[in-house]
file protein_17.cif (mmCIF, N, CA and C atoms)
data_target
#
loop_
_atom_site.label_atom_id
_atom_site.label_comp_id
_atom_site.auth_asym_id
_atom_site.auth_seq_id
_atom_site.Cartn_x
_atom_site.Cartn_y
_atom_site.Cartn_z
N MET A 1 -115.40 -141.81 -20.81
CA MET A 1 -116.80 -141.45 -20.72
C MET A 1 -117.57 -142.60 -20.07
N LYS A 2 -118.59 -142.23 -19.35
CA LYS A 2 -119.44 -143.23 -18.74
C LYS A 2 -120.47 -143.70 -19.75
N VAL A 3 -121.08 -144.85 -19.45
CA VAL A 3 -122.05 -145.43 -20.38
C VAL A 3 -123.21 -144.49 -20.62
N ARG A 4 -123.67 -143.81 -19.59
CA ARG A 4 -124.79 -142.88 -19.76
C ARG A 4 -124.41 -141.73 -20.69
N GLN A 5 -123.17 -141.29 -20.62
CA GLN A 5 -122.73 -140.20 -21.49
C GLN A 5 -122.59 -140.67 -22.92
N LEU A 6 -122.15 -141.92 -23.14
CA LEU A 6 -121.98 -142.43 -24.49
C LEU A 6 -123.31 -142.57 -25.22
N THR A 7 -124.38 -142.84 -24.50
CA THR A 7 -125.67 -142.99 -25.17
C THR A 7 -126.20 -141.66 -25.69
N LEU A 8 -125.63 -140.55 -25.25
CA LEU A 8 -126.06 -139.25 -25.76
C LEU A 8 -125.49 -138.96 -27.14
N LEU A 9 -124.46 -139.70 -27.55
CA LEU A 9 -123.85 -139.49 -28.86
C LEU A 9 -124.62 -140.23 -29.93
N ASP A 10 -124.58 -139.72 -31.15
CA ASP A 10 -125.17 -140.45 -32.24
C ASP A 10 -124.23 -141.59 -32.65
N GLU A 11 -124.69 -142.46 -33.50
CA GLU A 11 -123.94 -143.67 -33.87
C GLU A 11 -122.61 -143.33 -34.55
N GLN A 12 -122.59 -142.33 -35.42
CA GLN A 12 -121.37 -141.96 -36.13
C GLN A 12 -120.31 -141.44 -35.15
N SER A 13 -120.69 -140.60 -34.22
CA SER A 13 -119.74 -140.08 -33.23
C SER A 13 -119.22 -141.20 -32.35
N PHE A 14 -120.08 -142.15 -32.00
CA PHE A 14 -119.67 -143.28 -31.18
C PHE A 14 -118.64 -144.13 -31.92
N GLN A 15 -118.85 -144.37 -33.22
CA GLN A 15 -117.89 -145.15 -34.02
C GLN A 15 -116.56 -144.42 -34.13
N GLU A 16 -116.58 -143.10 -34.30
CA GLU A 16 -115.35 -142.33 -34.39
C GLU A 16 -114.56 -142.39 -33.09
N LEU A 17 -115.26 -142.34 -31.95
CA LEU A 17 -114.58 -142.44 -30.66
C LEU A 17 -113.91 -143.80 -30.48
N GLN A 18 -114.53 -144.85 -30.98
CA GLN A 18 -113.95 -146.17 -30.85
C GLN A 18 -112.72 -146.35 -31.73
N GLN A 19 -112.64 -145.65 -32.86
CA GLN A 19 -111.54 -145.84 -33.80
C GLN A 19 -110.31 -145.04 -33.42
N THR A 20 -110.44 -143.97 -32.66
CA THR A 20 -109.29 -143.16 -32.30
C THR A 20 -108.52 -143.81 -31.17
N LYS A 21 -107.20 -143.55 -31.14
CA LYS A 21 -106.39 -144.07 -30.06
C LYS A 21 -105.26 -143.09 -29.76
N TYR A 22 -104.76 -143.17 -28.56
CA TYR A 22 -103.66 -142.31 -28.14
C TYR A 22 -102.34 -142.92 -28.61
N VAL A 23 -101.50 -142.09 -29.21
CA VAL A 23 -100.17 -142.53 -29.63
C VAL A 23 -99.15 -141.53 -29.09
N VAL A 24 -97.95 -142.03 -28.85
CA VAL A 24 -96.86 -141.19 -28.38
C VAL A 24 -96.04 -140.78 -29.59
N ILE A 25 -95.76 -139.48 -29.70
CA ILE A 25 -94.99 -138.95 -30.83
C ILE A 25 -93.84 -138.10 -30.32
N LEU A 26 -92.86 -137.89 -31.19
CA LEU A 26 -91.79 -136.94 -30.90
C LEU A 26 -92.12 -135.64 -31.61
N VAL A 27 -91.97 -134.52 -30.91
CA VAL A 27 -92.25 -133.20 -31.47
C VAL A 27 -91.10 -132.26 -31.17
N LYS A 28 -90.98 -131.22 -31.99
CA LYS A 28 -90.04 -130.13 -31.74
C LYS A 28 -90.86 -128.87 -31.53
N GLU A 29 -90.49 -128.10 -30.52
CA GLU A 29 -91.23 -126.90 -30.18
C GLU A 29 -90.89 -125.76 -31.14
N ILE A 30 -91.90 -124.96 -31.47
CA ILE A 30 -91.71 -123.75 -32.26
C ILE A 30 -91.72 -122.59 -31.28
N LYS A 31 -90.56 -121.96 -31.12
CA LYS A 31 -90.42 -120.86 -30.17
C LYS A 31 -89.72 -119.71 -30.89
N ASN A 32 -90.22 -118.50 -30.72
CA ASN A 32 -89.68 -117.31 -31.37
C ASN A 32 -89.62 -117.48 -32.88
N LYS A 33 -90.66 -118.08 -33.43
CA LYS A 33 -90.82 -118.29 -34.88
C LYS A 33 -89.71 -119.14 -35.48
N SER A 34 -89.11 -120.04 -34.69
CA SER A 34 -88.13 -120.99 -35.21
C SER A 34 -88.32 -122.33 -34.52
N VAL A 35 -87.96 -123.38 -35.22
CA VAL A 35 -88.09 -124.73 -34.69
C VAL A 35 -86.88 -125.03 -33.82
N GLN A 36 -87.12 -125.43 -32.58
CA GLN A 36 -86.05 -125.73 -31.64
C GLN A 36 -85.45 -127.10 -31.96
N PRO A 37 -84.16 -127.31 -31.72
CA PRO A 37 -83.52 -128.59 -32.07
C PRO A 37 -83.86 -129.74 -31.13
N THR A 38 -84.30 -129.46 -29.92
CA THR A 38 -84.57 -130.54 -28.97
C THR A 38 -85.94 -131.14 -29.21
N GLN A 39 -86.00 -132.47 -29.09
CA GLN A 39 -87.25 -133.18 -29.28
C GLN A 39 -87.87 -133.52 -27.93
N LYS A 40 -89.19 -133.50 -27.89
CA LYS A 40 -89.93 -133.83 -26.68
C LYS A 40 -90.94 -134.91 -27.01
N GLN A 41 -91.32 -135.69 -26.01
CA GLN A 41 -92.37 -136.68 -26.19
C GLN A 41 -93.71 -136.04 -25.91
N ALA A 42 -94.68 -136.40 -26.72
CA ALA A 42 -96.04 -135.90 -26.55
C ALA A 42 -97.00 -137.03 -26.88
N PHE A 43 -98.23 -136.91 -26.43
CA PHE A 43 -99.23 -137.89 -26.84
C PHE A 43 -100.43 -137.15 -27.42
N VAL A 44 -101.02 -137.80 -28.43
CA VAL A 44 -102.12 -137.21 -29.17
C VAL A 44 -103.11 -138.31 -29.53
N CYS A 45 -104.36 -137.96 -29.64
CA CYS A 45 -105.40 -138.90 -30.03
C CYS A 45 -105.59 -138.80 -31.54
N LEU A 46 -105.32 -139.89 -32.26
CA LEU A 46 -105.39 -139.88 -33.72
C LEU A 46 -106.24 -141.04 -34.24
N LYS A 47 -106.79 -140.85 -35.43
CA LYS A 47 -107.49 -141.91 -36.13
C LYS A 47 -106.46 -142.74 -36.89
N PRO A 48 -106.78 -143.97 -37.26
CA PRO A 48 -105.80 -144.81 -37.97
C PRO A 48 -105.32 -144.21 -39.30
N ASN A 49 -106.14 -143.44 -39.98
CA ASN A 49 -105.72 -142.86 -41.26
C ASN A 49 -104.94 -141.55 -41.09
N GLU A 50 -104.74 -141.08 -39.85
CA GLU A 50 -104.02 -139.83 -39.59
C GLU A 50 -102.68 -140.08 -38.89
N MET A 51 -102.09 -141.26 -39.05
CA MET A 51 -100.88 -141.60 -38.31
C MET A 51 -99.62 -140.93 -38.84
N LYS A 52 -99.70 -140.19 -39.94
CA LYS A 52 -98.54 -139.46 -40.44
C LYS A 52 -98.43 -138.16 -39.64
N VAL A 53 -97.32 -137.99 -38.92
CA VAL A 53 -97.17 -136.81 -38.08
C VAL A 53 -95.99 -135.94 -38.51
N LYS A 54 -95.14 -136.43 -39.39
CA LYS A 54 -93.96 -135.66 -39.79
C LYS A 54 -94.39 -134.42 -40.57
N GLY A 55 -93.98 -133.26 -40.07
CA GLY A 55 -94.32 -131.99 -40.72
C GLY A 55 -95.69 -131.45 -40.35
N GLU A 56 -96.45 -132.18 -39.55
CA GLU A 56 -97.76 -131.70 -39.13
C GLU A 56 -97.61 -130.78 -37.92
N LEU A 57 -98.54 -129.87 -37.78
CA LEU A 57 -98.50 -128.89 -36.70
C LEU A 57 -99.41 -129.33 -35.56
N PHE A 58 -98.90 -129.23 -34.33
CA PHE A 58 -99.65 -129.59 -33.13
C PHE A 58 -99.62 -128.43 -32.16
N GLY A 59 -100.58 -128.40 -31.28
CA GLY A 59 -100.64 -127.36 -30.27
C GLY A 59 -100.99 -127.96 -28.93
N ASP A 60 -100.65 -127.25 -27.86
CA ASP A 60 -101.07 -127.69 -26.54
C ASP A 60 -102.06 -126.67 -25.99
N TYR A 61 -102.55 -126.91 -24.80
CA TYR A 61 -103.59 -126.05 -24.24
C TYR A 61 -103.04 -124.75 -23.68
N LEU A 62 -101.73 -124.58 -23.69
CA LEU A 62 -101.12 -123.32 -23.26
C LEU A 62 -100.83 -122.39 -24.44
N GLY A 63 -101.14 -122.83 -25.65
CA GLY A 63 -100.93 -122.00 -26.84
C GLY A 63 -99.58 -122.21 -27.51
N ASN A 64 -98.78 -123.16 -27.04
CA ASN A 64 -97.50 -123.46 -27.68
C ASN A 64 -97.73 -124.30 -28.92
N HIS A 65 -96.86 -124.12 -29.91
CA HIS A 65 -96.95 -124.88 -31.14
C HIS A 65 -95.77 -125.82 -31.26
N TYR A 66 -96.03 -126.99 -31.89
CA TYR A 66 -95.02 -128.01 -32.08
C TYR A 66 -95.14 -128.56 -33.49
N VAL A 67 -94.03 -129.05 -34.01
CA VAL A 67 -94.05 -129.73 -35.30
C VAL A 67 -93.72 -131.20 -35.05
N GLY A 68 -94.49 -132.09 -35.66
CA GLY A 68 -94.32 -133.52 -35.44
C GLY A 68 -93.10 -134.07 -36.14
N CYS A 69 -92.44 -135.03 -35.49
CA CYS A 69 -91.25 -135.67 -36.06
C CYS A 69 -91.56 -137.11 -36.45
N THR A 70 -91.96 -137.93 -35.48
CA THR A 70 -92.22 -139.34 -35.75
C THR A 70 -93.13 -139.93 -34.68
N VAL A 71 -93.72 -141.07 -35.01
CA VAL A 71 -94.55 -141.81 -34.05
C VAL A 71 -93.64 -142.82 -33.35
N LEU A 72 -93.70 -142.86 -32.03
CA LEU A 72 -92.95 -143.85 -31.26
C LEU A 72 -93.82 -145.09 -31.12
N LYS A 73 -93.46 -146.14 -31.81
CA LYS A 73 -94.33 -147.32 -31.88
C LYS A 73 -94.34 -148.14 -30.60
N GLY A 74 -93.22 -148.26 -29.90
CA GLY A 74 -93.17 -149.10 -28.72
C GLY A 74 -93.63 -148.42 -27.44
N SER A 75 -93.84 -147.14 -27.47
CA SER A 75 -94.18 -146.40 -26.25
C SER A 75 -95.69 -146.25 -26.10
N HIS A 76 -96.12 -146.24 -24.85
CA HIS A 76 -97.52 -146.01 -24.52
C HIS A 76 -97.61 -144.72 -23.72
N TYR A 77 -98.73 -144.03 -23.87
CA TYR A 77 -98.85 -142.77 -23.15
C TYR A 77 -99.11 -143.04 -21.67
N SER A 78 -98.66 -142.13 -20.86
CA SER A 78 -98.88 -142.24 -19.42
C SER A 78 -99.18 -140.85 -18.88
N ASP A 79 -99.66 -140.80 -17.69
CA ASP A 79 -99.95 -139.52 -17.06
C ASP A 79 -98.73 -138.95 -16.35
N ALA A 80 -97.59 -139.56 -16.57
CA ALA A 80 -96.36 -139.05 -15.96
C ALA A 80 -96.02 -137.70 -16.58
N GLY A 81 -95.18 -136.94 -15.93
CA GLY A 81 -94.90 -135.58 -16.37
C GLY A 81 -93.98 -135.46 -17.56
N ASN A 82 -93.54 -136.56 -18.16
CA ASN A 82 -92.57 -136.45 -19.25
C ASN A 82 -93.22 -136.38 -20.63
N GLN A 83 -94.53 -136.47 -20.75
CA GLN A 83 -95.21 -136.40 -22.04
C GLN A 83 -96.20 -135.24 -22.03
N ILE A 84 -96.22 -134.51 -23.14
CA ILE A 84 -97.08 -133.33 -23.27
C ILE A 84 -98.36 -133.73 -24.01
N PRO A 85 -99.54 -133.40 -23.49
CA PRO A 85 -100.76 -133.65 -24.25
C PRO A 85 -100.93 -132.59 -25.34
N VAL A 86 -101.03 -133.02 -26.59
CA VAL A 86 -101.18 -132.09 -27.71
C VAL A 86 -102.38 -132.49 -28.56
N PHE A 87 -102.79 -131.60 -29.44
CA PHE A 87 -103.85 -131.88 -30.40
C PHE A 87 -103.40 -131.40 -31.76
N LYS A 88 -103.92 -132.05 -32.78
CA LYS A 88 -103.52 -131.75 -34.15
C LYS A 88 -104.20 -130.48 -34.63
N LEU A 89 -103.41 -129.60 -35.25
CA LEU A 89 -103.96 -128.36 -35.82
C LEU A 89 -104.28 -128.59 -37.29
N PRO A 90 -105.18 -127.80 -37.86
CA PRO A 90 -105.64 -128.07 -39.23
C PRO A 90 -104.60 -127.84 -40.32
N ASN A 91 -103.56 -127.06 -40.06
CA ASN A 91 -102.58 -126.82 -41.12
C ASN A 91 -101.26 -127.51 -40.78
N ASN A 92 -100.37 -127.56 -41.75
CA ASN A 92 -99.07 -128.20 -41.54
C ASN A 92 -97.98 -127.14 -41.41
N ILE A 93 -96.75 -127.56 -41.25
CA ILE A 93 -95.66 -126.62 -40.99
C ILE A 93 -95.40 -125.70 -42.20
N GLN A 94 -95.61 -126.19 -43.42
CA GLN A 94 -95.39 -125.35 -44.60
C GLN A 94 -96.37 -124.18 -44.62
N ASP A 95 -97.63 -124.44 -44.30
CA ASP A 95 -98.62 -123.36 -44.25
C ASP A 95 -98.30 -122.36 -43.15
N TYR A 96 -97.87 -122.88 -41.99
CA TYR A 96 -97.53 -122.02 -40.86
C TYR A 96 -96.35 -121.11 -41.21
N LEU A 97 -95.31 -121.68 -41.81
CA LEU A 97 -94.14 -120.87 -42.18
C LEU A 97 -94.46 -119.87 -43.28
N ALA A 98 -95.30 -120.27 -44.23
CA ALA A 98 -95.69 -119.34 -45.29
C ALA A 98 -96.44 -118.15 -44.71
N LYS A 99 -97.30 -118.40 -43.72
CA LYS A 99 -98.04 -117.32 -43.08
C LYS A 99 -97.09 -116.40 -42.31
N GLN A 100 -96.08 -116.97 -41.65
CA GLN A 100 -95.13 -116.18 -40.88
C GLN A 100 -94.21 -115.37 -41.78
N LEU A 101 -93.88 -115.89 -42.97
CA LEU A 101 -92.93 -115.24 -43.87
C LEU A 101 -93.56 -114.24 -44.82
N THR A 102 -94.86 -114.25 -44.97
CA THR A 102 -95.52 -113.35 -45.92
C THR A 102 -95.21 -111.88 -45.65
N PRO A 103 -95.28 -111.36 -44.42
CA PRO A 103 -94.95 -109.95 -44.20
C PRO A 103 -93.48 -109.63 -44.53
N ILE A 104 -92.58 -110.56 -44.26
CA ILE A 104 -91.16 -110.34 -44.56
C ILE A 104 -90.94 -110.29 -46.06
N ILE A 105 -91.55 -111.21 -46.78
CA ILE A 105 -91.41 -111.24 -48.24
C ILE A 105 -91.99 -109.96 -48.85
N ASN A 106 -93.13 -109.51 -48.36
CA ASN A 106 -93.74 -108.27 -48.87
C ASN A 106 -92.83 -107.07 -48.62
N LEU A 107 -92.22 -107.00 -47.43
CA LEU A 107 -91.32 -105.90 -47.11
C LEU A 107 -90.09 -105.92 -48.01
N LEU A 108 -89.51 -107.08 -48.23
CA LEU A 108 -88.34 -107.18 -49.12
C LEU A 108 -88.70 -106.80 -50.55
N ASP A 109 -89.88 -107.23 -50.99
CA ASP A 109 -90.33 -106.89 -52.34
C ASP A 109 -90.53 -105.39 -52.48
N GLN A 110 -91.10 -104.75 -51.46
CA GLN A 110 -91.30 -103.30 -51.49
C GLN A 110 -89.95 -102.58 -51.51
N LYS A 111 -88.99 -103.01 -50.72
CA LYS A 111 -87.66 -102.38 -50.71
C LYS A 111 -86.96 -102.55 -52.05
N ARG A 112 -87.13 -103.73 -52.67
CA ARG A 112 -86.53 -103.97 -53.98
C ARG A 112 -87.13 -103.03 -55.02
N ARG A 113 -88.47 -102.86 -55.02
CA ARG A 113 -89.12 -101.97 -55.98
C ARG A 113 -88.69 -100.52 -55.76
N ASN A 114 -88.60 -100.09 -54.48
CA ASN A 114 -88.19 -98.73 -54.20
C ASN A 114 -86.72 -98.49 -54.58
N TYR A 115 -85.88 -99.47 -54.43
CA TYR A 115 -84.47 -99.33 -54.77
C TYR A 115 -84.29 -99.08 -56.28
N TYR A 116 -85.01 -99.85 -57.09
CA TYR A 116 -84.88 -99.70 -58.53
C TYR A 116 -85.66 -98.50 -59.07
N ALA A 117 -86.60 -97.97 -58.28
CA ALA A 117 -87.36 -96.81 -58.72
C ALA A 117 -86.53 -95.53 -58.62
N ASN A 118 -85.54 -95.51 -57.74
CA ASN A 118 -84.73 -94.30 -57.55
C ASN A 118 -83.59 -94.25 -58.49
#

call {"tool": "encode", "arguments": {"input": "protein_17.cif", "output": "structure tokens"}}
result
Amino acid sequence: MKVRQLTLLDEQSFQELQQTKYVVILVKEIKNKSVQPTQKQAFVCLKPNEMKVKGELFGDYLGNHYVGCTVLKGSHYSDAGNQIPVFKLPNNIQDYLAKQLTPIINLLDQKRRNYYAN
């Protein structure tokens, strides 16, 4: 941001922008409702108190979802094509999987009840 643009922010927003930094993380892609075994490098802007990425859910601007594995401490982000820009989603992988499995669990429960009713 340019200096003129920064002056439009209030003091709290300005302090939050100064505290965040880009970190490189390893992520696994969620495709066809399953976690893929291959890991990819991604970069995300995080606050110092949000550095835990294992099990957290991330998304990119194309609508793909990823689950975080670890923070790469020695790596720096670059604009090269080998790192994916992602952002942190509000829920974690457990919440995501629970949401995906709820219809399946309900269907199995219904089939179980119907089986014993006959």

call {"tool": "resolve_selection", "arguments": {"input": "protein_17.cif", "expression": "the PyMOL selection byres ((chain A and resi 28-41) around 6.5)", "output": "list of chain:residue names"}}
result
A:Val24, A:Ile25, A:Leu26, A:Val27, A:Ala42, A:Phe43, A:Asn64, A:His65, A:Tyr66, A:Val67, A:Gly68, A:Cys69, A:Asn82, A:Gln83, A:Ile84

call {"tool": "write_last_selection", "arguments": {"input": "protein_17.cif", "atoms": "N, CA and C atoms", "output": "mmCIF file, keeping the file's coordinate frame"}}
result
data_model
loop_
_atom_site.group_PDB
_atom_site.id
_atom_site.type_symbol
_atom_site.label_atom_id
_atom_site.label_comp_id
_atom_site.auth_asym_id
_atom_site.auth_seq_id
_atom_site.Cartn_x
_atom_site.Cartn_y
_atom_site.Cartn_z
ATOM 1 N N VAL A 24 -97.950 -142.030 -28.850
ATOM 2 C CA VAL A 24 -96.860 -141.190 -28.380
ATOM 3 C C VAL A 24 -96.040 -140.780 -29.590
ATOM 4 N N ILE A 25 -95.760 -139.480 -29.700
ATOM 5 C CA ILE A 25 -94.990 -138.950 -30.830
ATOM 6 C C ILE A 25 -93.840 -138.100 -30.320
ATOM 7 N N LEU A 26 -92.860 -137.890 -31.190
ATOM 8 C CA LEU A 26 -91.790 -136.940 -30.900
ATOM 9 C C LEU A 26 -92.120 -135.640 -31.610
ATOM 10 N N VAL A 27 -91.970 -134.520 -30.910
ATOM 11 C CA VAL A 27 -92.250 -133.200 -31.470
ATOM 12 C C VAL A 27 -91.100 -132.260 -31.170
ATOM 13 N N ALA A 42 -94.680 -136.400 -26.720
ATOM 14 C CA ALA A 42 -96.040 -135.900 -26.550
ATOM 15 C C ALA A 42 -97.000 -137.030 -26.880
ATOM 16 N N PHE A 43 -98.230 -136.910 -26.430
ATOM 17 C CA PHE A 43 -99.230 -137.890 -26.840
ATOM 18 C C PHE A 43 -100.430 -137.150 -27.420
ATOM 19 N N ASN A 64 -98.780 -123.160 -27.040
ATOM 20 C CA ASN A 64 -97.500 -123.460 -27.680
ATOM 21 C C ASN A 64 -97.730 -124.300 -28.920
ATOM 22 N N HIS A 65 -96.860 -124.120 -29.910
ATOM 23 C CA HIS A 65 -96.950 -124.880 -31.140
ATOM 24 C C HIS A 65 -95.770 -125.820 -31.260
ATOM 25 N N TYR A 66 -96.030 -126.990 -31.890
ATOM 26 C CA TYR A 66 -95.020 -128.010 -32.080
ATOM 27 C C TYR A 66 -95.140 -128.560 -33.490
ATOM 28 N N VAL A 67 -94.030 -129.050 -34.010
ATOM 29 C CA VAL A 67 -94.050 -129.730 -35.300
ATOM 30 C C VAL A 67 -93.720 -131.200 -35.050
ATOM 31 N N GLY A 68 -94.490 -132.090 -35.660
ATOM 32 C CA GLY A 68 -94.320 -133.520 -35.440
ATOM 33 C C GLY A 68 -93.100 -134.070 -36.140
ATOM 34 N N CYS A 69 -92.440 -135.030 -35.490
ATOM 35 C CA CYS A 69 -91.250 -135.670 -36.060
ATOM 36 C C CYS A 69 -91.560 -137.110 -36.450
ATOM 37 N N ASN A 82 -93.540 -136.560 -18.160
ATOM 38 C CA ASN A 82 -92.570 -136.450 -19.250
ATOM 39 C C ASN A 82 -93.220 -136.380 -20.630
ATOM 40 N N GLN A 83 -94.530 -136.470 -20.750
ATOM 41 C CA GLN A 83 -95.210 -136.400 -22.040
ATOM 42 C C GLN A 83 -96.200 -135.240 -22.030
ATOM 43 N N ILE A 84 -96.220 -134.510 -23.140
ATOM 44 C CA ILE A 84 -97.080 -133.330 -23.270
ATOM 45 C C ILE A 84 -98.360 -133.730 -24.010
#

call {"tool": "residues_near_point", "arguments": {"input": "protein_17.cif", "point": "(-100.7, -129.7, -29.7)", "cutoff": "5 Å", "atoms": "all atoms listed in the file", "output": "VMD selection string"}}
result
chain A and resid 58 to 60 86 to 87

call {"tool": "atom_distance", "arguments": {"input": "protein_17.cif", "atom1": "atom CA of A:Leu107", "atom2": "atom C of A:Gln94"}}
result
19.1 Å

call {"tool": "atom_distance", "arguments": {"input": "protein_17.cif", "atom1": "atom N of A:Asn91", "atom2": "atom N of A:Lys73"}}
result
23.1 Å

call {"tool": "atom_distance", "arguments": {"input": "protein_17.cif", "atom1": "atom CA of A:Leu46", "atom2": "atom N of A:Asp95"}}
result
20.3 Å

call {"tool": "select_by_dssp", "arguments": {"input": "protein_17.cif", "residues": "stretch 15-97 of chain A", "states": "strand (DSSP E or B)", "output": "ChimeraX atom specification"}}
result
/A:21-31,34-46,56-59,65-72,83-85,87-92

call {"tool": "closest_residue", "arguments": {"input": "protein_17.cif", "among": "A:Lys21, A:Asn92, A:Gly74, A:Asp109", "to": "A:Gly55", "atoms": "all atoms listed in the file"}}
result
A:Asn92
